[in-house]
Structures are given as structure tokens and as C-alpha cells.
Amino acid sequence: MSGNQQRQHGRRTRDERGTATAFVVGMAITLLMCAGLVLDGGTALNARMKLADEVEQAARAGAQEIDVDGLRGSGDPSLDEAAAEARARAFLTSRGYTVTDVRVTADTVTVAASDRVDTKLLSLINYNTFSISASATAEAVTQ
């Protein structure tokens with residue numbers, strides 16, 4: 001054997017067994033997280049849009065509580081503040097949302113609410129819920 005062959009023969013070759021397995025496992029986890037973002041993120045976005053619709057409806061319901069005596073006296077719509085707040089709160093709580101704020105002024109109702117959306121796939125990486133919130137304002141009119 002020549003000296004060159006002895007050096008190559010004595011050299012240790014690098015063991016690459018299992019490299020493909022580690023790559024496949026890493027890619028599977030990455031793809032699972034991406035699927036979780038799509039599925040759970042889409043669910044959270046849908047729930048957020050539904051909450052926004054419900055909050056708008058609650059504000060409108062509150063804005064319907066016009067003070068009839070005040071309207072007859074001045075001709076301008078003003079709200080029965082206690083009734084408007086109660087109606088907006090009742091609307092949202094009957095649908096299971098957490099009411100975070102209801103503000104009633106002379107002719108407007110502003111409502112804010114929040115909710116939590118449980119995750120399915122992202123719970124595998126210990127991300128269990130999305131918190132969502134929405135707010136809306138409605139104005140009392142008589143037309």
C-alpha cells in the first residue's frame with residue numbers, strides 16, 4: 001500500500017445515518033404548525049368576524065331604546081341610557097360573549113366585547129386559545 005492509500009484507509013468516514021429521518025421529522029413538525037396556523041387561525045378570524053357582527057347588532061339594539069318623552073318634547077332623539085345599556089348587555093350575554101364595555105351618551109351606544117377561541121392543532125405546541133375582541137358604535141335616529 002502506498003502512503004496515500006494508507007492515509008485514506010485510516011481516515012474515519014462520517015456517519016450520516018439518521019440524517020434523513022431528522023429532516024423528515026423536522027419538516028413534519030413545521031408542516032403541522034403551518035396547518036395549525038391555517039386551521040386555527042381561520043377559525044379565530046371567523047369567530048372574530050362573527051363577534052364583530054354581534055357587537056354591531058348589540059349597539060343597534062341599544063340605540064333603539066329612545067327616550068320617547070324626550071323625543072316628544074324636543075324632537076331630537078335621545079336615549080334612555082339605562083335601558084340602552086341593559087339591552088346591549090343582554091344581547092351579547094345571551095350569546096355567550098363577555099361584555100367589556102358599554103358606553104351610552106345622549107344619542108350613541110358604544111359596545112365592546114371579547115371571547116376566547118380554543119385551538120385544535122396549535123394546542124399540540126401548547127398554544128391553547130386565541131383571544132378576540134370587537135367594538136362598535138350605533139347612533140339613535142328617528143327616520
# chains A, B, ... in the order shown; residues from 1 in each chain; ligands from 1

$ residues_around --residues "Arg103 (chain A)" --least-positions-apart "3" --cutoff "12 Å" --atoms "only C-alpha atoms" --output "PDB file with N, CA and C atoms, in the first residue's frame"
ATOM      1  N   ALA A  58     -75.669  44.450  18.858  1.00  0.00           N
ATOM      2  CA  ALA A  58     -75.924  44.875  20.236  1.00  0.00           C
ATOM      3  C   ALA A  58     -75.976  46.391  20.334  1.00  0.00           C
ATOM      4  N   ALA A  59     -75.071  47.076  19.632  1.00  0.00           N
ATOM      5  CA  ALA A  59     -75.085  48.538  19.636  1.00  0.00           C
ATOM      6  C   ALA A  59     -76.375  49.062  19.003  1.00  0.00           C
ATOM      7  N   GLY A  62     -79.241  48.569  21.450  1.00  0.00           N
ATOM      8  CA  GLY A  62     -79.209  49.604  22.487  1.00  0.00           C
ATOM      9  C   GLY A  62     -79.668  50.946  21.962  1.00  0.00           C
ATOM     10  N   ALA A  63     -79.314  51.257  20.714  1.00  0.00           N
ATOM     11  CA  ALA A  63     -79.681  52.552  20.120  1.00  0.00           C
ATOM     12  C   ALA A  63     -81.169  52.652  19.818  1.00  0.00           C
ATOM     13  N   LEU A  79     -81.411  58.944  24.101  1.00  0.00           N
ATOM     14  CA  LEU A  79     -81.561  57.573  24.580  1.00  0.00           C
ATOM     15  C   LEU A  79     -81.916  57.513  26.058  1.00  0.00           C
ATOM     16  N   GLU A  81     -80.664  55.986  28.800  1.00  0.00           N
ATOM     17  CA  GLU A  81     -79.319  55.415  28.970  1.00  0.00           C
ATOM     18  C   GLU A  81     -79.323  54.069  29.682  1.00  0.00           C
ATOM     19  N   ALA A  82     -80.097  53.949  30.744  1.00  0.00           N
ATOM     20  CA  ALA A  82     -80.127  52.684  31.493  1.00  0.00           C
ATOM     21  C   ALA A  82     -80.709  51.565  30.640  1.00  0.00           C
ATOM     22  N   ALA A  83     -81.784  51.834  29.936  1.00  0.00           N
ATOM     23  CA  ALA A  83     -82.417  50.811  29.087  1.00  0.00           C
ATOM     24  C   ALA A  83     -81.514  50.436  27.915  1.00  0.00           C
ATOM     25  N   ALA A  84     -80.831  51.425  27.326  1.00  0.00           N
ATOM     26  CA  ALA A  84     -79.936  51.156  26.196  1.00  0.00           C
ATOM     27  C   ALA A  84     -78.776  50.273  26.622  1.00  0.00           C
ATOM     28  N   GLU A  85     -78.186  50.584  27.776  1.00  0.00           N
ATOM     29  CA  GLU A  85     -77.075  49.768  28.268  1.00  0.00           C
ATOM     30  C   GLU A  85     -77.538  48.352  28.585  1.00  0.00           C
ATOM     31  N   ALA A  86     -78.678  48.242  29.258  1.00  0.00           N
ATOM     32  CA  ALA A  86     -79.195  46.922  29.634  1.00  0.00           C
ATOM     33  C   ALA A  86     -79.499  46.076  28.398  1.00  0.00           C
ATOM     34  N   ALA A  88     -78.178  46.327  25.321  1.00  0.00           N
ATOM     35  CA  ALA A  88     -76.938  45.945  24.643  1.00  0.00           C
ATOM     36  C   ALA A  88     -76.229  44.815  25.390  1.00  0.00           C
ATOM     37  N   ARG A  89     -76.160  44.932  26.713  1.00  0.00           N
ATOM     38  CA  ARG A  89     -75.533  43.875  27.516  1.00  0.00           C
ATOM     39  C   ARG A  89     -76.294  42.561  27.387  1.00  0.00           C
ATOM     40  N   VAL A  99     -68.962  40.928  27.891  1.00  0.00           N
ATOM     41  CA  VAL A  99     -69.107  42.350  27.588  1.00  0.00           C
ATOM     42  C   VAL A  99     -68.015  43.090  28.344  1.00  0.00           C
ATOM     43  N   THR A 100     -67.174  43.808  27.623  1.00  0.00           N
ATOM     44  CA  THR A 100     -66.075  44.515  28.276  1.00  0.00           C
ATOM     45  C   THR A 100     -66.393  45.982  28.503  1.00  0.00           C
ATOM     46  N   ALA A 106     -75.852  60.753  24.920  1.00  0.00           N
ATOM     47  CA  ALA A 106     -77.197  61.245  24.609  1.00  0.00           C
ATOM     48  C   ALA A 106     -77.829  60.514  23.423  1.00  0.00           C
ATOM     49  N   ASP A 107     -77.035  60.250  22.359  1.00  0.00           N
ATOM     50  CA  ASP A 107     -77.636  59.615  21.186  1.00  0.00           C
ATOM     51  C   ASP A 107     -76.793  58.494  20.568  1.00  0.00           C
ATOM     52  N   THR A 108     -75.759  58.032  21.261  1.00  0.00           N
ATOM     53  CA  THR A 108     -74.945  56.932  20.735  1.00  0.00           C
ATOM     54  C   THR A 108     -74.739  55.848  21.786  1.00  0.00           C
ATOM     55  N   VAL A 109     -74.543  54.644  21.278  1.00  0.00           N
ATOM     56  CA  VAL A 109     -74.228  53.487  22.118  1.00  0.00           C
ATOM     57  C   VAL A 109     -72.954  52.871  21.570  1.00  0.00           C
ATOM     58  N   THR A 110     -71.959  52.719  22.416  1.00  0.00           N
ATOM     59  CA  THR A 110     -70.708  52.062  22.038  1.00  0.00           C
ATOM     60  C   THR A 110     -70.574  50.798  22.871  1.00  0.00           C
ATOM     61  N   VAL A 111     -70.336  49.693  22.194  1.00  0.00           N
ATOM     62  CA  VAL A 111     -70.283  48.386  22.846  1.00  0.00           C
ATOM     63  C   VAL A 111     -68.969  47.699  22.491  1.00  0.00           C
ATOM     64  N   ALA A 112     -68.356  47.056  23.466  1.00  0.00           N
ATOM     65  CA  ALA A 112     -67.149  46.250  23.239  1.00  0.00           C
ATOM     66  C   ALA A 112     -67.324  44.910  23.937  1.00  0.00           C
ATOM     67  N   SER A 135     -65.480  46.020  18.834  1.00  0.00           N
ATOM     68  CA  SER A 135     -66.302  47.104  19.362  1.00  0.00           C
ATOM     69  C   SER A 135     -67.058  47.755  18.212  1.00  0.00           C
ATOM     70  N   ALA A 136     -68.173  48.404  18.556  1.00  0.00           N
ATOM     71  CA  ALA A 136     -68.997  49.068  17.548  1.00  0.00           C
ATOM     72  C   ALA A 136     -69.783  50.190  18.206  1.00  0.00           C
ATOM     73  N   THR A 137     -70.175  51.139  17.382  1.00  0.00           N
ATOM     74  CA  THR A 137     -70.988  52.272  17.847  1.00  0.00           C
ATOM     75  C   THR A 137     -72.201  52.426  16.951  1.00  0.00           C
ATOM     76  N   ALA A 138     -73.328  52.689  17.555  1.00  0.00           N
ATOM     77  CA  ALA A 138     -74.560  52.952  16.805  1.00  0.00           C
ATOM     78  C   ALA A 138     -75.167  54.245  17.308  1.00  0.00           C
ATOM     79  N   GLU A 139     -75.836  54.949  16.411  1.00  0.00           N
ATOM     80  CA  GLU A 139     -76.437  56.238  16.742  1.00  0.00           C
ATOM     81  C   GLU A 139     -77.955  56.133  16.648  1.00  0.00           C
TER      82      GLU A 139
END

$ residues_around --residues "Ser123 (chain A)" --least-positions-apart "6" --cutoff "12 Å" --atoms "only C-alpha atoms" --output "list in words"
Leu32, Met33, Gly36, Leu37, Leu39, Asp40, Val117, Thr129 and Phe130 of chain A

$ write_last_selection --atoms "N, CA and C atoms" --output "PDB file, in the first residue's frame"
ATOM      1  N   LEU A  32     -47.046  20.649  10.239  1.00  0.00           N
ATOM      2  CA  LEU A  32     -48.137  20.558  11.206  1.00  0.00           C
ATOM      3  C   LEU A  32     -48.419  21.927  11.825  1.00  0.00           C
ATOM      4  N   MET A  33     -47.377  22.680  12.134  1.00  0.00           N
ATOM      5  CA  MET A  33     -47.568  24.029  12.676  1.00  0.00           C
ATOM      6  C   MET A  33     -48.204  24.951  11.640  1.00  0.00           C
ATOM      7  N   GLY A  36     -51.753  24.123  11.474  1.00  0.00           N
ATOM      8  CA  GLY A  36     -52.404  24.656  12.665  1.00  0.00           C
ATOM      9  C   GLY A  36     -52.685  26.136  12.538  1.00  0.00           C
ATOM     10  N   LEU A  37     -51.743  26.886  11.963  1.00  0.00           N
ATOM     11  CA  LEU A  37     -51.974  28.314  11.743  1.00  0.00           C
ATOM     12  C   LEU A  37     -53.122  28.540  10.773  1.00  0.00           C
ATOM     13  N   LEU A  39     -55.673  26.342   9.999  1.00  0.00           N
ATOM     14  CA  LEU A  39     -56.939  25.859  10.570  1.00  0.00           C
ATOM     15  C   LEU A  39     -57.373  26.705  11.762  1.00  0.00           C
ATOM     16  N   ASP A  40     -56.530  26.802  12.751  1.00  0.00           N
ATOM     17  CA  ASP A  40     -56.895  27.528  13.967  1.00  0.00           C
ATOM     18  C   ASP A  40     -56.952  29.035  13.743  1.00  0.00           C
ATOM     19  N   VAL A 117     -61.196  31.670  21.685  1.00  0.00           N
ATOM     20  CA  VAL A 117     -61.377  30.600  20.713  1.00  0.00           C
ATOM     21  C   VAL A 117     -60.349  29.519  21.004  1.00  0.00           C
ATOM     22  N   THR A 129     -55.445  28.906  23.162  1.00  0.00           N
ATOM     23  CA  THR A 129     -56.573  29.782  22.839  1.00  0.00           C
ATOM     24  C   THR A 129     -56.104  31.048  22.129  1.00  0.00           C
ATOM     25  N   PHE A 130     -57.015  31.585  21.339  1.00  0.00           N
ATOM     26  CA  PHE A 130     -56.869  32.923  20.779  1.00  0.00           C
ATOM     27  C   PHE A 130     -57.852  33.810  21.528  1.00  0.00           C
TER      28      PHE A 130
END

$ select_by_dssp --residues "region 26-89 of chain A" --states "alpha helix (DSSP H)" --output "JSON list (two decimals) with N, CA and C atoms, in the first residue's frame"
[["chain", "number", "residue", "atom", "x", "y", "z"],
["A", 26, "GLY", "N", -38.41, 17.01, 11.29],
["A", 26, "GLY", "CA", -38.44, 18.47, 11.35],
["A", 26, "GLY", "C", -39.43, 19.08, 10.38],
["A", 27, "MET", "N", -39.46, 18.56, 9.16],
["A", 27, "MET", "CA", -40.41, 19.05, 8.16],
["A", 27, "MET", "C", -41.85, 18.72, 8.55],
["A", 28, "ALA", "N", -42.07, 17.54, 9.11],
["A", 28, "ALA", "CA", -43.42, 17.16, 9.54],
["A", 28, "ALA", "C", -43.93, 18.10, 10.63],
["A", 29, "ILE", "N", -43.08, 18.43, 11.57],
["A", 29, "ILE", "CA", -43.47, 19.36, 12.64],
["A", 29, "ILE", "C", -43.76, 20.74, 12.07],
["A", 30, "THR", "N", -42.92, 21.20, 11.15],
["A", 30, "THR", "CA", -43.13, 22.50, 10.51],
["A", 30, "THR", "C", -44.44, 22.53, 9.74],
["A", 31, "LEU", "N", -44.71, 21.49, 8.98],
["A", 31, "LEU", "CA", -45.95, 21.44, 8.21],
["A", 31, "LEU", "C", -47.17, 21.35, 9.13],
["A", 32, "LEU", "N", -47.05, 20.65, 10.24],
["A", 32, "LEU", "CA", -48.14, 20.56, 11.21],
["A", 32, "LEU", "C", -48.42, 21.93, 11.83],
["A", 33, "MET", "N", -47.38, 22.68, 12.13],
["A", 33, "MET", "CA", -47.57, 24.03, 12.68],
["A", 33, "MET", "C", -48.20, 24.95, 11.64],
["A", 34, "CYS", "N", -47.79, 24.83, 10.39],
["A", 34, "CYS", "CA", -48.40, 25.65, 9.32],
["A", 34, "CYS", "C", -49.87, 25.29, 9.15],
["A", 35, "ALA", "N", -50.20, 24.02, 9.19],
["A", 35, "ALA", "CA", -51.60, 23.59, 9.10],
["A", 35, "ALA", "C", -52.39, 24.11, 10.30],
["A", 36, "GLY", "N", -51.75, 24.12, 11.47],
["A", 36, "GLY", "CA", -52.40, 24.66, 12.67],
["A", 36, "GLY", "C", -52.69, 26.14, 12.54],
["A", 37, "LEU", "N", -51.74, 26.89, 11.96],
["A", 37, "LEU", "CA", -51.97, 28.31, 11.74],
["A", 37, "LEU", "C", -53.12, 28.54, 10.77],
["A", 38, "VAL", "N", -53.19, 27.73, 9.73],
["A", 38, "VAL", "CA", -54.27, 27.88, 8.76],
["A", 38, "VAL", "C", -55.60, 27.50, 9.38],
["A", 39, "LEU", "N", -55.67, 26.34, 10.00],
["A", 39, "LEU", "CA", -56.94, 25.86, 10.57],
["A", 39, "LEU", "C", -57.37, 26.70, 11.76],
["A", 40, "ASP", "N", -56.53, 26.80, 12.75],
["A", 40, "ASP", "CA", -56.90, 27.53, 13.97],
["A", 40, "ASP", "C", -56.95, 29.03, 13.74],
["A", 41, "GLY", "N", -56.07, 29.55, 12.92],
["A", 41, "GLY", "CA", -56.11, 30.97, 12.58],
["A", 41, "GLY", "C", -57.37, 31.32, 11.82],
["A", 42, "GLY", "N", -57.76, 30.47, 10.89],
["A", 42, "GLY", "CA", -59.00, 30.68, 10.14],
["A", 42, "GLY", "C", -60.22, 30.62, 11.05],
["A", 43, "THR", "N", -60.21, 29.70, 11.98],
["A", 43, "THR", "CA", -61.31, 29.60, 12.95],
["A", 43, "THR", "C", -61.38, 30.86, 13.81],
["A", 44, "ALA", "N", -60.23, 31.36, 14.23],
["A", 44, "ALA", "CA", -60.21, 32.57, 15.05],
["A", 44, "ALA", "C", -60.67, 33.79, 14.25],
["A", 45, "LEU", "N", -60.26, 33.89, 13.00],
["A", 45, "LEU", "CA", -60.71, 35.01, 12.16],
["A", 45, "LEU", "C", -62.22, 34.96, 11.94],
["A", 46, "ASN", "N", -62.74, 33.77, 11.71],
["A", 46, "ASN", "CA", -64.18, 33.61, 11.53],
["A", 46, "ASN", "C", -64.93, 33.99, 12.81],
["A", 47, "ALA", "N", -64.42, 33.56, 13.94],
["A", 47, "ALA", "CA", -65.05, 33.90, 15.23],
["A", 47, "ALA", "C", -64.97, 35.40, 15.48],
["A", 48, "ARG", "N", -63.88, 36.04, 15.08],
["A", 48, "ARG", "CA", -63.72, 37.50, 15.25],
["A", 48, "ARG", "C", -64.73, 38.25, 14.39],
["A", 49, "MET", "N", -64.95, 37.79, 13.17],
["A", 49, "MET", "CA", -65.94, 38.43, 12.31],
["A", 49, "MET", "C", -67.35, 38.25, 12.87],
["A", 50, "LYS", "N", -67.64, 37.08, 13.39],
["A", 50, "LYS", "CA", -68.95, 36.83, 14.00],
["A", 50, "LYS", "C", -69.14, 37.72, 15.23],
["A", 51, "LEU", "N", -68.10, 37.84, 16.05],
["A", 51, "LEU", "CA", -68.18, 38.71, 17.23],
["A", 51, "LEU", "C", -68.41, 40.15, 16.80],
["A", 52, "ALA", "N", -67.73, 40.61, 15.76],
["A", 52, "ALA", "CA", -67.91, 41.98, 15.28],
["A", 52, "ALA", "C", -69.35, 42.21, 14.83],
["A", 53, "ASP", "N", -69.93, 41.24, 14.14],
["A", 53, "ASP", "CA", -71.33, 41.34, 13.73],
["A", 53, "ASP", "C", -72.26, 41.42, 14.94],
["A", 54, "GLU", "N", -72.01, 40.57, 15.92],
["A", 54, "GLU", "CA", -72.86, 40.55, 17.12],
["A", 54, "GLU", "C", -72.74, 41.84, 17.92],
["A", 55, "VAL", "N", -71.54, 42.40, 18.00],
["A", 55, "VAL", "CA", -71.34, 43.66, 18.72],
["A", 55, "VAL", "C", -72.07, 44.80, 18.01],
["A", 56, "GLU", "N", -72.02, 44.80, 16.68],
["A", 56, "GLU", "CA", -72.76, 45.81, 15.92],
["A", 56, "GLU", "C", -74.26, 45.69, 16.18],
["A", 57, "GLN", "N", -74.76, 44.46, 16.21],
["A", 57, "GLN", "CA", -76.19, 44.26, 16.48],
["A", 57, "GLN", "C", -76.55, 44.69, 17.90],
["A", 58, "ALA", "N", -75.67, 44.45, 18.86],
["A", 58, "ALA", "CA", -75.92, 44.87, 20.24],
["A", 58, "ALA", "C", -75.98, 46.39, 20.33],
["A", 59, "ALA", "N", -75.07, 47.08, 19.63],
["A", 59, "ALA", "CA", -75.08, 48.54, 19.64],
["A", 59, "ALA", "C", -76.37, 49.06, 19.00],
["A", 60, "ARG", "N", -76.80, 48.44, 17.92],
["A", 60, "ARG", "CA", -78.06, 48.84, 17.28],
["A", 60, "ARG", "C", -79.25, 48.60, 18.21],
["A", 61, "ALA", "N", -79.23, 47.45, 18.88],
["A", 61, "ALA", "CA", -80.33, 47.15, 19.81],
["A", 61, "ALA", "C", -80.39, 48.19, 20.92],
["A", 62, "GLY", "N", -79.24, 48.57, 21.45],
["A", 62, "GLY", "CA", -79.21, 49.60, 22.49],
["A", 62, "GLY", "C", -79.67, 50.95, 21.96],
["A", 63, "ALA", "N", -79.31, 51.26, 20.71],
["A", 63, "ALA", "CA", -79.68, 52.55, 20.12],
["A", 63, "ALA", "C", -81.17, 52.65, 19.82],
["A", 68, "VAL", "N", -88.78, 58.30, 24.71],
["A", 68, "VAL", "CA", -89.94, 58.80, 23.98],
["A", 68, "VAL", "C", -90.37, 60.17, 24.48],
["A", 69, "ASP", "N", -90.38, 60.37, 25.79],
["A", 69, "ASP", "CA", -90.78, 61.67, 26.34],
["A", 69, "ASP", "C", -89.84, 62.78, 25.88],
["A", 70, "GLY", "N", -88.55, 62.52, 25.88],
["A", 70, "GLY", "CA", -87.58, 63.50, 25.40],
["A", 70, "GLY", "C", -87.75, 63.78, 23.93],
["A", 71, "LEU", "N", -88.06, 62.75, 23.14],
["A", 71, "LEU", "CA", -88.27, 62.92, 21.71],
["A", 71, "LEU", "C", -89.50, 63.80, 21.45],
["A", 72, "ARG", "N", -90.56, 63.54, 22.19],
["A", 72, "ARG", "CA", -91.78, 64.33, 22.02],
["A", 72, "ARG", "C", -91.58, 65.78, 22.46],
["A", 73, "GLY", "N", -90.76, 65.96, 23.48],
["A", 73, "GLY", "CA", -90.54, 67.31, 23.99],
["A", 73, "GLY", "C", -89.64, 68.15, 23.10],
["A", 74, "SER", "N", -88.51, 67.59, 22.66],
["A", 74, "SER", "CA", -87.53, 68.39, 21.90],
["A", 74, "SER", "C", -87.52, 68.07, 20.41],
["A", 81, "GLU", "N", -80.66, 55.99, 28.80],
["A", 81, "GLU", "CA", -79.32, 55.42, 28.97],
["A", 81, "GLU", "C", -79.32, 54.07, 29.68],
["A", 82, "ALA", "N", -80.10, 53.95, 30.74],
["A", 82, "ALA", "CA", -80.13, 52.68, 31.49],
["A", 82, "ALA", "C", -80.71, 51.56, 30.64],
["A", 83, "ALA", "N", -81.78, 51.83, 29.94],
["A", 83, "ALA", "CA", -82.42, 50.81, 29.09],
["A", 83, "ALA", "C", -81.51, 50.44, 27.92],
["A", 84, "ALA", "N", -80.83, 51.42, 27.33],
["A", 84, "ALA", "CA", -79.94, 51.16, 26.20],
["A", 84, "ALA", "C", -78.78, 50.27, 26.62],
["A", 85, "GLU", "N", -78.19, 50.58, 27.78],
["A", 85, "GLU", "CA", -77.08, 49.77, 28.27],
["A", 85, "GLU", "C", -77.54, 48.35, 28.58],
["A", 86, "ALA", "N", -78.68, 48.24, 29.26],
["A", 86, "ALA", "CA", -79.19, 46.92, 29.63],
["A", 86, "ALA", "C", -79.50, 46.08, 28.40],
["A", 87, "ARG", "N", -80.08, 46.68, 27.38],
["A", 87, "ARG", "CA", -80.43, 45.93, 26.17],
["A", 87, "ARG", "C", -79.18, 45.47, 25.43],
["A", 88, "ALA", "N", -78.18, 46.33, 25.32],
["A", 88, "ALA", "CA", -76.94, 45.94, 24.64],
["A", 88, "ALA", "C", -76.23, 44.82, 25.39],
["A", 89, "ARG", "N", -76.16, 44.93, 26.71],
["A", 89, "ARG", "CA", -75.53, 43.87, 27.52],
["A", 89, "ARG", "C", -76.29, 42.56, 27.39]]
